[in-house]
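Colleague: Have a peek at entry.cif (mmCIF, C-alpha atoms).
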```cif
data_upload
#
loop_
_atom_site.label_atom_id
_atom_site.label_comp_id
_atom_site.auth_asym_id
_atom_site.auth_seq_id
_atom_site.Cartn_x
_atom_site.Cartn_y
_atom_site.Cartn_z
CA MET P 3 221.23 125.41 79.13
CA ARG P 4 220.48 126.54 82.62
CA TYR P 5 217.87 128.96 81.27
CA PHE P 6 215.94 126.23 79.47
CA PHE P 7 215.96 124.11 82.56
CA PHE P 8 214.63 126.98 84.62
CA LEU P 9 211.82 127.72 82.12
CA PHE P 10 210.93 124.09 82.09
CA LEU P 11 210.39 124.21 85.84
CA LEU P 12 208.28 127.41 85.71
CA LEU P 13 206.11 126.38 82.79
CA PRO P 14 203.48 124.44 84.84
CA TRP P 15 203.09 127.31 87.28
CA ILE P 16 202.56 129.85 84.49
CA VAL P 17 199.97 127.69 82.72
CA SER P 18 197.91 127.11 85.92
CA ALA P 19 197.91 130.80 86.72
CA GLN P 20 196.57 131.71 83.30
CA VAL P 21 193.78 129.18 83.62
CA GLU P 22 192.65 130.59 86.98
CA GLU P 23 192.69 134.18 85.75
CA ALA P 24 190.68 133.49 82.58
CA PRO P 25 186.92 134.35 83.17
CA SER P 26 184.34 131.75 82.26
CA ASN P 27 181.31 133.43 80.58
CA GLU P 28 179.74 130.27 79.19
CA PRO P 29 177.71 127.97 81.46
CA VAL P 30 179.01 124.58 82.15
CA GLN P 31 176.89 122.04 80.42
CA LEU P 32 177.18 118.61 81.91
CA PHE P 33 175.08 116.88 79.26
CA GLN P 34 174.12 117.98 75.83
CA PRO P 35 171.62 115.93 73.81
CA PRO P 36 172.57 115.05 70.35
CA GLN P 37 171.68 117.58 67.75
CA GLU P 38 169.64 115.04 65.78
CA GLU P 39 167.17 114.45 68.69
CA VAL P 40 166.62 118.20 69.10
CA ASN P 41 165.83 118.59 65.45
CA ASN P 42 163.32 115.66 65.54
CA GLU P 43 161.38 117.16 68.49
CA GLN P 44 161.10 120.49 66.70
CA ALA P 45 159.89 118.70 63.53
CA ASP P 46 157.09 116.85 65.44
CA GLN P 47 155.54 120.06 66.78
CA PRO P 48 152.95 121.67 64.41
CA ARG P 49 153.67 125.05 63.19
CA ARG P 50 151.53 127.77 64.73
CA GLN P 51 149.85 130.07 62.27
CA PRO P 52 148.79 133.56 63.29
CA VAL P 53 145.01 134.01 63.88
CA THR P 54 143.37 136.10 61.25
CA MET P 55 140.05 137.90 62.00
CA HIS P 56 137.47 137.88 59.20
CA THR P 57 134.40 140.09 59.22
CA ILE P 58 131.13 138.50 57.97
CA PRO P 59 128.51 140.89 56.61
CA ALA P 60 125.20 140.95 58.47
CA GLU P 61 123.26 139.90 55.34
CA ARG P 62 125.36 136.75 54.87
CA TRP P 63 125.05 135.84 58.60
CA ALA P 64 121.28 136.28 58.46
CA ASP P 65 121.05 133.97 55.44
CA ALA P 66 123.38 131.39 57.00
CA SER P 67 121.58 131.31 60.36
CA LYS P 68 118.07 131.26 58.90
CA GLY P 69 115.98 128.43 60.39
CA LEU P 70 118.38 127.66 63.23
CA ASP P 71 116.90 127.47 66.77
CA TYR P 72 119.32 127.90 69.64
CA SER P 73 116.61 128.18 72.35
CA LYS P 74 116.86 124.48 73.24
CA ASP P 75 120.49 125.01 74.17
CA LEU P 76 119.63 127.75 76.62
CA PRO P 77 119.43 126.73 80.32
CA LYS P 78 115.83 126.18 81.47
CA PRO P 79 114.56 128.55 84.17
CA PRO P 80 113.90 126.92 87.58
CA LYS P 81 110.33 125.74 88.11
CA ALA P 82 108.23 127.74 90.46
CA GLU P 83 107.28 125.87 93.66
CA GLN P 84 103.81 124.44 93.30
CA PRO P 85 101.37 125.15 96.17
CA ARG P 86 100.54 122.12 98.27
CA ASN P 87 97.25 120.51 97.48
CA ARG P 88 95.34 120.24 100.74
CA SER P 89 92.80 117.86 99.29
CA PHE P 90 92.88 114.19 100.27
CA ASN P 91 95.86 112.40 98.85
CA PRO P 92 96.50 108.84 100.05
CA ASN P 93 100.21 109.21 99.30
CA PHE P 94 100.52 111.71 102.16
CA LEU P 95 99.17 109.21 104.70
CA ASP P 96 101.42 107.23 106.98
CA TRP P 97 99.87 103.83 106.38
CA THR P 98 101.93 102.19 109.13
CA ALA P 99 100.69 104.61 111.78
CA ALA P 100 97.14 104.41 110.41
CA THR P 101 97.19 100.60 110.58
CA GLN P 102 98.48 100.63 114.13
CA GLY P 103 95.82 103.14 115.16
CA LEU P 104 93.09 101.06 113.54
CA GLY P 105 94.39 97.95 115.29
CA ASN P 106 94.23 99.72 118.68
CA VAL P 107 90.66 100.87 118.02
CA LEU P 108 89.57 97.36 117.00
CA GLN P 109 91.22 95.92 120.10
CA VAL P 110 89.34 98.34 122.35
CA LEU P 111 86.06 97.54 120.57
CA ALA P 112 86.71 93.81 120.95
CA ILE P 113 87.28 94.23 124.70
CA ILE P 114 84.09 96.27 125.05
CA LEU P 115 82.10 93.71 123.07
CA ALA P 116 83.49 90.81 125.10
CA THR P 117 82.68 92.63 128.35
CA ALA P 118 79.13 93.30 127.16
CA LEU P 119 78.64 89.65 126.17
CA ILE P 120 79.91 88.42 129.52
CA GLY P 121 77.63 90.83 131.35
CA TYR P 122 74.65 89.74 129.27
CA ALA P 123 75.45 86.08 129.91
CA ILE P 124 75.61 86.72 133.66
CA TYR P 125 72.29 88.55 133.48
CA ARG P 126 70.68 85.65 131.62
CA MET P 127 72.07 83.16 134.13
CA MET P 128 70.50 85.14 136.93
CA GLN P 129 67.16 85.13 135.14
CA VAL P 130 66.99 81.36 134.58
CA PRO P 131 66.66 78.68 137.24
CA ARG P 132 69.84 78.07 139.17
CA ASN P 133 69.84 74.33 138.48
CA ARG P 134 68.76 73.74 134.89
CA ALA P 135 66.72 75.50 132.22
CA ILE P 136 66.75 72.32 130.14
CA ALA P 137 65.84 68.94 131.63
CA ARG P 138 67.93 65.83 131.21
CA ASP P 139 65.72 64.60 128.39
CA GLY P 140 66.21 67.86 126.48
CA VAL P 141 62.84 69.39 127.38
CA GLU P 142 62.76 73.04 128.36
CA ILE P 143 61.45 73.45 131.89
CA THR P 144 58.54 75.86 132.12
CA VAL P 145 55.83 76.62 134.66
CA ASN P 146 53.53 74.20 132.83
CA ASN P 147 55.75 71.12 133.27
CA VAL P 148 57.65 72.07 136.40
CA ASP P 149 55.83 69.37 138.44
CA GLN P 150 57.64 66.73 136.32
CA TYR P 151 61.11 68.25 136.91
CA ILE P 152 60.94 69.49 140.51
CA HIS P 153 64.46 68.21 141.25
CA GLU P 154 66.01 69.88 138.19
CA THR P 155 64.76 73.43 138.52
CA ASP P 156 64.58 76.38 140.89
CA LEU P 157 61.01 76.46 142.17
CA GLU P 158 61.74 79.60 144.18
CA ARG P 159 62.36 81.53 140.99
CA PHE P 160 59.01 80.49 139.49
CA LEU P 161 57.33 81.42 142.78
CA LEU P 162 58.74 84.93 142.72
CA GLU P 163 57.61 85.38 139.12
CA ALA P 164 54.09 84.24 139.99
CA LEU P 165 53.87 86.67 142.90
CA ALA P 166 55.18 89.50 140.72
CA GLN P 167 52.40 88.76 138.21
CA GLY P 168 49.73 88.53 140.95
CA ASN P 169 49.02 84.89 140.12
CA PHE P 170 48.39 83.73 143.72
CA ALA P 171 46.87 80.38 142.75
CA LEU P 172 50.05 79.46 140.89
CA ALA P 173 52.05 80.61 143.92
CA ILE P 174 50.16 78.11 146.15
CA ARG P 175 50.82 75.34 143.61
CA LEU P 176 54.55 76.12 143.62
CA TYR P 177 54.60 76.10 147.43
CA TYR P 178 53.04 72.62 147.40
CA LEU P 179 55.61 71.38 144.85
CA GLN P 180 58.37 72.70 147.13
CA VAL P 181 56.91 70.61 149.97
CA ILE P 182 56.99 67.48 147.76
CA LYS P 183 60.59 68.26 146.69
CA GLU P 184 61.83 68.69 150.28
CA LEU P 185 60.09 65.51 151.49
CA SER P 186 61.78 63.59 148.67
CA ALA P 187 65.15 65.18 149.41
CA LYS P 188 64.89 64.05 153.08
CA ASN P 189 63.90 60.53 151.94
CA ILE P 190 60.56 60.86 153.75
CA ILE P 191 58.75 59.97 150.51
CA ARG P 192 59.83 58.47 147.23
CA TRP P 193 59.00 60.85 144.43
CA ALA P 194 57.82 59.58 141.04
CA ARG P 195 56.03 61.27 138.17
CA GLU P 196 53.20 58.77 138.09
CA LYS P 197 52.39 59.09 141.83
CA THR P 198 49.43 61.08 143.07
CA ASN P 199 48.98 63.22 146.17
CA ARG P 200 47.10 60.32 147.82
CA ASP P 201 50.12 58.08 147.32
CA TYR P 202 52.29 60.55 149.22
CA GLN P 203 49.68 60.79 152.03
CA ARG P 204 49.79 57.03 152.47
CA GLU P 205 53.59 57.11 152.70
CA LEU P 206 53.34 59.78 155.42
CA ARG P 207 50.60 58.02 157.35
CA GLN P 208 52.90 57.09 160.24
CA HIS P 209 55.04 60.27 160.09
CA ARG P 210 54.77 63.24 162.42
CA LEU P 211 54.12 65.55 159.44
CA ALA P 212 51.17 63.51 158.18
CA GLU P 213 48.48 65.93 159.41
CA LEU P 214 50.23 69.07 158.24
CA PHE P 215 50.78 67.51 154.84
CA ARG P 216 47.10 66.43 154.64
CA LEU P 217 45.92 70.01 155.35
CA ALA P 218 48.38 71.46 152.80
CA THR P 219 47.17 68.97 150.19
CA LEU P 220 43.55 69.94 150.87
CA ARG P 221 44.26 73.67 150.52
CA TYR P 222 46.18 73.15 147.32
CA GLU P 223 43.56 70.93 145.62
CA GLU P 224 40.69 73.27 146.56
CA ILE P 225 42.46 76.27 145.03
CA TRP P 226 44.17 74.68 142.02
CA TYR P 227 41.62 72.07 140.93
CA GLY P 228 38.55 73.82 142.32
CA ASN P 229 39.17 76.91 140.18
CA GLN P 230 38.62 79.15 143.19
CA SER P 231 39.61 82.77 142.85
CA LEU P 232 42.38 83.72 145.21
CA ASP P 233 43.01 87.31 146.17
CA ALA P 234 45.99 88.80 147.94
CA ALA P 235 44.34 88.73 151.35
CA THR P 236 43.48 85.02 151.16
CA TYR P 237 46.97 84.23 149.90
CA ALA P 238 48.50 86.16 152.79
CA ARG P 239 46.49 83.95 155.18
CA LEU P 240 47.49 80.64 153.54
CA GLU P 241 51.16 81.32 152.86
CA PRO P 242 52.28 80.94 156.52
CA GLU P 243 50.85 77.37 156.66
CA PHE P 244 53.06 76.23 153.75
CA LYS P 245 56.10 78.04 155.15
CA ARG P 246 55.62 76.34 158.51
CA LEU P 247 55.42 72.94 156.86
CA LEU P 248 58.63 73.61 154.89
CA GLY P 249 60.32 74.70 158.11
CA ASP P 250 59.27 71.51 159.91
CA ILE P 251 60.66 69.36 157.07
CA ASN P 252 64.04 71.06 157.26
#
```
How does the structure come out when it is put into structure tokens?
Modeller:
Amino acid sequence: MRYFFFLFLLLPWIVSAQVEEAPSNEPVQLFQPPQEEVNNEQADQPRRQPVTMHTIPAERWADASKGLDYSKDLPKPPKAEQPRNRSFNPNFLDWTAATQGLGNVLQVLAIILATALIGYAIYRMMQVPRNRAIARDGVEITVNNVDQYIHETDLERFLLEALAQGNFALAIRLYYLQVIKELSAKNIIRWAREKTNRDYQRELRQHRLAELFRLATLRYEEIWYGNQSLDAATYARLEPEFKRLLGDIN
């Protein structure tokens, strides 16, 4: 009885020792899929057949490939670079830069043209009488009608032109018209188109310049209305008399 009790106490120790000494050659598998799922996966995969090489005779390949063109499937060779055409091509132009350049040229030309026009206008103004070239009534003032517009024109300019042309008789006439103009400007006489030289002499009858004006009127009428030829020497002798009279008026 004591032996059975002793074996009963040693039995757990013996069993645990045998378990520790027994080698474990099989891997521990924590999870194992069901056998049915493994069989289904293998059934879904197609079976692989071994590749068999077949040799085709050259005659059969020639007949089968007759008329087939595989050149279009070949890669095309790169195009050779074309030489640049140096002829005129408007596509090569920078139209923005060309437009700006043309605008600058036109601007410069406009400035030059405006400057030339202004210069020409100044030149023309210097060539015409300083007061008016056109009278109040719209008539152009010329040497033929200047006696009717003595207050609206530059008699000095007509005088210089007459001397430049050697027309000494016309120069004496213009000197006399200057005398009439200055007497009117000083309110010594009252100028009017319809008045004659005798009318002005009567107005100056009591004035200190009466005698000088009478002599100037006589010289003028003898030369202008008497159709006397007047050379440079005679003009040089008469000119101081008219200048003295103009100086006395002023």
Colleague: Starting from the point (53.1, 64.4, 136.7), work out which residues of protein, DNA or RNA have an atom no more than 12 Å away when counting only C-alpha atoms; state them as a PyMOL selection string.
Modeller: chain P and resi 146-152+179+193-199
Colleague: Would you write out, as a list in words, every residue that the PyMOL selection byres ((chain P and resi 174) around 10) captures in this file?
Modeller: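 Evaluating the PyMOL selection byres ((chain P and resi 174) around 10) on these coordinates yields Leu161, Ala164, Leu165, Asn169, Phe170, Ala171, Leu172, Ala173, Arg175, Leu176, Tyr177, Tyr178, Leu179, Gln180, Ala218, Arg221, Tyr222, Glu223, Ile225, Trp226, Leu232, Tyr237, Leu240, Glu241 and Phe244 of chain P.
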Colleague: For the selection just defined, write its residues with C-alpha atoms to a file, as a PDB file, in the frame of the given file.
Modeller:
```pdb
ATOM      1  CA  LEU P 161      57.330  81.420 142.780  1.00  0.00           C
ATOM      2  CA  ALA P 164      54.090  84.240 139.990  1.00  0.00           C
ATOM      3  CA  LEU P 165      53.870  86.670 142.900  1.00  0.00           C
ATOM      4  CA  ASN P 169      49.020  84.890 140.120  1.00  0.00           C
ATOM      5  CA  PHE P 170      48.390  83.730 143.720  1.00  0.00           C
ATOM      6  CA  ALA P 171      46.870  80.380 142.750  1.00  0.00           C
ATOM      7  CA  LEU P 172      50.050  79.460 140.890  1.00  0.00           C
ATOM      8  CA  ALA P 173      52.050  80.610 143.920  1.00  0.00           C
ATOM      9  CA  ARG P 175      50.820  75.340 143.610  1.00  0.00           C
ATOM     10  CA  LEU P 176      54.550  76.120 143.620  1.00  0.00           C
ATOM     11  CA  TYR P 177      54.600  76.100 147.430  1.00  0.00           C
ATOM     12  CA  TYR P 178      53.040  72.620 147.400  1.00  0.00           C
ATOM     13  CA  LEU P 179      55.610  71.380 144.850  1.00  0.00           C
ATOM     14  CA  GLN P 180      58.370  72.700 147.130  1.00  0.00           C
ATOM     15  CA  ALA P 218      48.380  71.460 152.800  1.00  0.00           C
ATOM     16  CA  ARG P 221      44.260  73.670 150.520  1.00  0.00           C
ATOM     17  CA  TYR P 222      46.180  73.150 147.320  1.00  0.00           C
ATOM     18  CA  GLU P 223      43.560  70.930 145.620  1.00  0.00           C
ATOM     19  CA  ILE P 225      42.460  76.270 145.030  1.00  0.00           C
ATOM     20  CA  TRP P 226      44.170  74.680 142.020  1.00  0.00           C
ATOM     21  CA  LEU P 232      42.380  83.720 145.210  1.00  0.00           C
ATOM     22  CA  TYR P 237      46.970  84.230 149.900  1.00  0.00           C
ATOM     23  CA  LEU P 240      47.490  80.640 153.540  1.00  0.00           C
ATOM     24  CA  GLU P 241      51.160  81.320 152.860  1.00  0.00           C
ATOM     25  CA  PHE P 244      53.060  76.230 153.750  1.00  0.00           C
TER      26      PHE P 244
END
```
Colleague: Please measure the separation of atom CA of P:Leu185 and atom CA of P:Pro242, giving the value in Å to one decimal.
Modeller: 18.0 Å
Colleague: Quick one: distance from atom CA of P:Ile251 to atom CA of P:Glu184 in Å, one decimal?
Modeller: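 Straight-line distance from atom CA of P:Ile251 to atom CA of P:Glu184 works out to 6.9 Å.
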